[in-house]
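Asks: A single structure is presented below for examination.
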Amino acid sequence: MPDPPPEPKTRYELTDPDVRLMLRVRDGDQPAFRELVEKYQGRLVGILTHLVSDRETAQDLAQDVFLRVYRARERYVPTAKFSTWLFTITHNVASNSLRKSSRRKEINLVSSPSGSMPVRPLEMMAKEKSGLMPARQLLKTEMQNVMLAAIEQLGERQRIATMLSKFEGMSYLEIGETMGLTTQAVKSLLSRARNNLKDILKPYLESGGLTDGVADGMNQAPDKEVQSD
Amino acid sequence: MAKQPGKTQTEIDSELLTAYLDGELADADCIAVEKRLADDQSFHAHMQELQSAWDMLDSLPLVQPNSQFVQTTVEMAIAGKSIHKPKTGIVLKGLLLALIPAAIFGISYFLKRESIEQPERELVYDLPLIENHDRYTKVVFEGSAVKGIGFLKSIYAKGLFREVDDLFAVDSREVPLTNFDGTSQPPDADRIRDRSDRLSRMTDQQREELFEKKRKFEALDSKQQDTLREFHDLLAAEPESSKLVEVMTSYYDWLKILGMNQRANLLDLPLDQRLKEIGKITRQQAQESFGAIGSTKLPLDDAVLFYQWYDFSIRYYEPEIRERTGSVLTKMRKGKGLPPNEMVVDRIKAAPIEELVSFLMRNDREQFGLILCDNIAEKNIGIDYLREIVSDEARSIIDQPGISDADRRELILKWIETANQARFPIKEAALHAFYDELDEGQRDQLDNLHPEQWSETIMRMYWEKNVGQRSAPSEVEAFQKFLQQSGWGTEFGANENE
């Protein structure tokens with residue numbers, strides 16, 4: 001009896017090397033799994049850190065994502081790019097975590113009304129800045145703090161879509177697949193995110209201003225570790 | 001670039017510019033945007049603002065995982081795989097490697113970890129799953145973990161098996177919202193330590209029961225195990241997981257008191273029918289239980305009338321009950337030094353009415369009794385109405401000689417408590433605690449009973465103790481007659497059909 005014909009390769013298997021790696025993981029190739037973890041660890045932890053605003057939590061969540069990938073290996077069928085699938089899991093894990101932490105945050109605020117907020121409001125930072133630094137030059141770390149605060153003020157879905165678009169370079173279609181949204185919904189979501197960022201950063205920019213040097217620095221391409229493949 | 005309904009021109013422009021900046025526009029649209037950018041200065045300025053804000057994201061700090069991340073993750077994943085295919089060497093290696101982060105918790109912990117016997121090591125890994133898998137199997141539907149979660153949520157939404165303490169726990173904000181023990185992933189060092197501690201504190205009997213559960217779990221085929229594992233993960237990830245776990249536990253305990261055939265029939269039903277059947281059975285049980293509360297002797301017919309009066313009154317006074325809950329809650333928060341929080345109060349006011357009743361019964365008993373019992377509404381539906389519908393003998397209990405108005409209200413409140421306890425079965429733990437309080441003779445008597453009779457008897461004893469000593473006979477016709485006379489037959493008729 002002749003061997004059955006091999007299963008036809010999917011589009012993703014042909015075009016996405018990470019899908020091929022994942023298929024090897026499915027077939028029991030443990031080094032392939034290590035390769036995937038090595039390849040995506042930085043991107044996952046980076047994005048998750050900006051989503052949950054805590055590096056330790058982000059590492060735990062990233063680990064959770066990889067463990068879920070590994071546990072799901074036997075059922076893996078490539079129906080999308082590997083990164084889309086991975087970030088779909090990431091989105092779910094992050095959303096769950098954010099929901100839990102938002103409840104915890106609410107508890108803290110209620111039970112300790114005078115307790116410190118995790119991030120200072122931008123208006124306050126802007127005031128401090130304009131008073132303390134006549135030259136109004138933004139140091140890199142200060143700029144980072146401003147942006148961390150700004151990101152925290154975006155809604156959960158806007159934050160995730162922003163991260164996927166900005167740092168994963170995902171198209172609207174891919175973001176939609178990852179977040180379970182239509183392309184039009186992604187378009188609206190990102191538009192609102194951009195607008196909100198603009199509005200959130202407005203008081204800071206107005207009081208602090210940006211020197212050319214800093215502005216140039218900010219326009220540099222993002223680090224390759226974080227950028228999409 | 002057609003006009004989109006429901007959006008302002010600014011929103012449309014923003015979306016257009018965002019899509020342009022993201023390279024998501026078709027060529028023709030791109031050309032149109034560029035032409036407008038050249039012609040329209042404010043449009044151009046808007047685009048620049050959006051882009052500047054976006055570019056600033058590049059200054060977000062680069063975060064790298066720690067150097068052990070890959071190694072730990074891979075080892076944990078592989079150890080997780082091996083748990084279910086017991087290859088001792090790999091399990092041990094995986095466990096030890098997974099324990100690397102635990103080093104930060106000190107050598108003493110590591111030594112303690114090493115002292116655990118091999119079968120317990122596997123137990124530690126899967127402890128939450130092993131402890132709960134028998135419950136999961138009763139709620140997982142058609143082999144689907146997702147459907148199981150849906151079923152659990154439906155039970156919760158319907159208020160079945162819901163713990164009445166939900167309400168205050170939400171408001172106090174002191175109790176952890178979820179104490180459900182993690183997920184079925186390989187545990188981190190903290191969890192391993194907690195679980196090991198918990199195991200070490202178990203009695204021999206508890207330990208044996210746990211190993212029995214473990215054996216049962218291992219006897220399942222791998223597909224069933226995976227489904228239960230998935231269910232566990234989904235449940236742990238639910239924002240309301242602790243409540244769902246409590247509901248599931250109550251449901252599981254409740255299933256045990258059903259007869260074998262009744263239980264089997266129930267578990268064969270599809271979702272909607274099963275929910276209806278659960279509602280029907282619990283209502284019947286509640287009525288029967290109320291009627292059989294030992295020396296209370298309020299027979300079934302009067303108990304049914306009482307339920308109907310209670311249900312109707314709660315529905316009638318719902319706005320007052322919700323309002324009253326809000327003001328009591330606000331006062332309590334103030335007393336505890338918490339700031340006013342309308343959002344919290346509003347959310348709690350919107351909780352199922354049964355929960356609000358329980359809350360008021362605990363925290364505003366006197367006033368709640370007044371609301372229900374006083375004949376303050378235009379229609380006479382307070383305690384006078386109850387007098388009208390129950391039998392003469394029940395009425396003689398309500399109006400027993402020398403009883404004050406306050407005592408009468410307290411009597412009604414106790415009946416309501418009974419009704420609620422019958423509807424929301426007593427927690428197994430409460431029954432066990434009650435059993436521990438019994439004297440030796442009572443325990444002997446109980447322990448000689450058939451298990452089903454055991455449950456029924458101890459529950460009756462529990463209610464007797466908690467509800468008090470009352471008695472009454474019955475007369476069901478009075479109710480229907482009264483309904484016809486009062487003109488409320490339709491409303492109660494609807495209630496009966498629910």
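Each chain in the structure tokens gets a letter, A, B and so on, in the order shown; residues start at 1 in every chain, and ligands are counted from 1 in the order they appear.
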Identify all chain B residues at most 6 Å from chain A by counting only C-alpha atoms; ligands do not count. Present them as a list in words.
Replies: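 Applying the cut-off to the listed atoms yields Ser14, Glu15, Thr18, Leu50, Ala53, Asp55, Met56, Asp58, Ser59, Leu60, Val63, Gln64, Thr73, Ala77 and Arg173 of chain B.
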Asks: Would you export the selected residues with N, CA and C atoms as a short mmCIF file (atom, residue, chain, number, x, y, z; two decimals), in the first residue's frame, please?
Replies:
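Result written to selection27.cif:
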```cif
data_model
loop_
_atom_site.label_atom_id
_atom_site.label_comp_id
_atom_site.auth_asym_id
_atom_site.auth_seq_id
_atom_site.Cartn_x
_atom_site.Cartn_y
_atom_site.Cartn_z
N SER B 14 -9.07 62.39 12.02
CA SER B 14 -8.06 61.71 12.82
C SER B 14 -7.84 60.28 12.32
N GLU B 15 -8.93 59.60 12.04
CA GLU B 15 -8.80 58.22 11.54
C GLU B 15 -8.07 58.20 10.20
N THR B 18 -4.43 58.92 10.86
CA THR B 18 -3.79 57.78 11.51
C THR B 18 -3.51 56.68 10.49
N LEU B 50 -0.21 64.47 15.80
CA LEU B 50 -0.40 63.02 15.97
C LEU B 50 0.92 62.29 15.82
N ALA B 53 3.39 62.89 18.89
CA ALA B 53 3.03 62.08 20.06
C ALA B 53 3.44 60.63 19.84
N ASP B 55 5.77 59.49 17.82
CA ASP B 55 7.23 59.35 17.82
C ASP B 55 7.80 59.32 19.23
N MET B 56 7.13 60.01 20.12
CA MET B 56 7.64 60.05 21.50
C MET B 56 7.62 58.66 22.15
N ASP B 58 8.95 56.21 21.06
CA ASP B 58 10.27 55.60 20.86
C ASP B 58 11.17 55.79 22.07
N SER B 59 10.82 56.76 22.92
CA SER B 59 11.67 57.00 24.08
C SER B 59 11.33 56.07 25.24
N LEU B 60 10.32 55.24 25.06
CA LEU B 60 10.02 54.29 26.13
C LEU B 60 11.25 53.41 26.38
N VAL B 63 13.23 47.20 27.71
CA VAL B 63 13.24 46.27 28.86
C VAL B 63 13.68 44.90 28.39
N GLN B 64 14.60 44.34 29.09
CA GLN B 64 15.09 43.00 28.75
C GLN B 64 14.75 42.04 29.88
N THR B 73 12.22 29.24 31.57
CA THR B 73 10.96 29.02 30.84
C THR B 73 10.96 27.65 30.16
N ALA B 77 8.53 24.55 31.06
CA ALA B 77 7.63 23.99 30.04
C ALA B 77 7.83 22.48 29.95
N ARG B 173 -13.38 45.40 50.72
CA ARG B 173 -12.13 45.61 49.98
C ARG B 173 -10.92 45.14 50.76
#
```
Asks: Identify, on the basis of only C-alpha atoms, every residue whose closest approach to Leu438 (chain B) does not exceed 12 Å; exclude the query and any residue fewer than 4 positions from it along the same chain; express the result as a ChimeraX atom specification.
Replies: /B:431-434,442-447,458,461-462,465
Asks: Neighbouring residues of region 341-349 of chain B were defined as those with any atom within 7 Å, considering only C-alpha atoms; residues of the same chain fewer than 2 positions away were excluded. Please report them as a PyMOL selection string.
Replies: chain B and resi 167+322+325-326+329+339+351
Asks: Based on the selection just made, write N, CA and C atoms of those residues as a PDB file, in the first residue's frame.
Replies:
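Below you can see part.pdb, which holds the result:
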```pdb
ATOM      1  N   LEU B 167     -21.588  40.132  49.040  1.00  0.00           N
ATOM      2  CA  LEU B 167     -21.830  41.565  49.043  1.00  0.00           C
ATOM      3  C   LEU B 167     -20.858  42.318  49.930  1.00  0.00           C
ATOM      4  N   ARG B 322     -33.223  48.671  47.802  1.00  0.00           N
ATOM      5  CA  ARG B 322     -31.981  49.131  47.154  1.00  0.00           C
ATOM      6  C   ARG B 322     -31.528  50.474  47.739  1.00  0.00           C
ATOM      7  N   THR B 325     -30.157  49.944  51.206  1.00  0.00           N
ATOM      8  CA  THR B 325     -28.820  49.337  51.151  1.00  0.00           C
ATOM      9  C   THR B 325     -27.774  50.414  50.919  1.00  0.00           C
ATOM     10  N   GLY B 326     -28.084  51.326  49.982  1.00  0.00           N
ATOM     11  CA  GLY B 326     -27.133  52.388  49.671  1.00  0.00           C
ATOM     12  C   GLY B 326     -26.835  53.238  50.890  1.00  0.00           C
ATOM     13  N   LEU B 329     -24.920  51.279  53.569  1.00  0.00           N
ATOM     14  CA  LEU B 329     -23.543  51.064  53.119  1.00  0.00           C
ATOM     15  C   LEU B 329     -22.705  52.327  53.271  1.00  0.00           C
ATOM     16  N   PRO B 339     -13.691  56.815  52.258  1.00  0.00           N
ATOM     17  CA  PRO B 339     -14.281  57.991  51.597  1.00  0.00           C
ATOM     18  C   PRO B 339     -15.566  57.593  50.878  1.00  0.00           C
ATOM     19  N   ALA B 351     -26.827  44.908  42.888  1.00  0.00           N
ATOM     20  CA  ALA B 351     -26.624  43.448  43.045  1.00  0.00           C
ATOM     21  C   ALA B 351     -27.985  42.746  43.097  1.00  0.00           C
TER      22      ALA B 351
END
```
Asks: List as a ChimeraX atom specification the protein and nucleic acid residues near region 9-20 of chain A, meaning an atom at most 8 Å away when only C-alpha atoms are counted, but skip any in the same chain fewer than 5 places from it.
Replies: /A:36,78-83
Asks: May I have the residues from that selection written out with C-alpha atoms, as a tab-separated table (two decimals), in the first residue's frame?
Replies:
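So the final result, stored in selection-v6.tsv, reads:
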```tsv
chain	number	residue	atom	x	y	z
A	36	LEU	CA	11.31	30.59	19.82
A	78	PRO	CA	-0.84	27.31	11.52
A	79	THR	CA	-3.77	29.51	10.61
A	80	ALA	CA	-1.89	32.80	10.99
A	81	LYS	CA	1.64	34.12	11.34
A	82	PHE	CA	3.28	32.72	14.45
A	83	SER	CA	3.72	36.21	15.90
```
Asks: Hey, can you check how far CA of Phe231 (chain B) sits from CA of Val146 (chain B)?
Replies: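 Separating CA of Phe231 (chain B) from CA of Val146 (chain B) is a distance of 6.9 Å.
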Asks: Residues within 8 Å of region 399-412 of chain B, please, as a ChimeraX atom specification. Count only C-alpha atoms; anything in the same chain fewer than 4 positions from it doesn't count.
Replies: /B:369-370,373,395,416
Asks: Would you write out those residues with N, CA and C atoms, as a PDB file, in the first residue's frame?
Replies:
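See out_31.pdb below for the written result:
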```
ATOM      1  N   GLY B 369     -36.872  44.896  58.863  1.00  0.00           N
ATOM      2  CA  GLY B 369     -38.090  44.273  59.372  1.00  0.00           C
ATOM      3  C   GLY B 369     -39.266  45.228  59.262  1.00  0.00           C
ATOM      4  N   LEU B 370     -39.001  46.488  59.548  1.00  0.00           N
ATOM      5  CA  LEU B 370     -40.074  47.494  59.457  1.00  0.00           C
ATOM      6  C   LEU B 370     -40.560  47.644  58.019  1.00  0.00           C
ATOM      7  N   CYS B 373     -42.563  44.377  57.175  1.00  0.00           N
ATOM      8  CA  CYS B 373     -43.717  43.984  57.977  1.00  0.00           C
ATOM      9  C   CYS B 373     -44.746  45.083  58.166  1.00  0.00           C
ATOM     10  N   ARG B 395     -51.292  31.792  61.807  1.00  0.00           N
ATOM     11  CA  ARG B 395     -51.627  33.133  62.293  1.00  0.00           C
ATOM     12  C   ARG B 395     -51.495  33.190  63.821  1.00  0.00           C
ATOM     13  N   ILE B 416     -37.609  34.282  57.178  1.00  0.00           N
ATOM     14  CA  ILE B 416     -36.947  34.667  55.918  1.00  0.00           C
ATOM     15  C   ILE B 416     -35.544  34.050  55.855  1.00  0.00           C
TER      16      ILE B 416
END
```
Asks: Please, what distance in Å, to one decimal, runs between CA of Asp374 (chain B) and CA of Ile314 (chain B)?
Replies: 13.2 Å
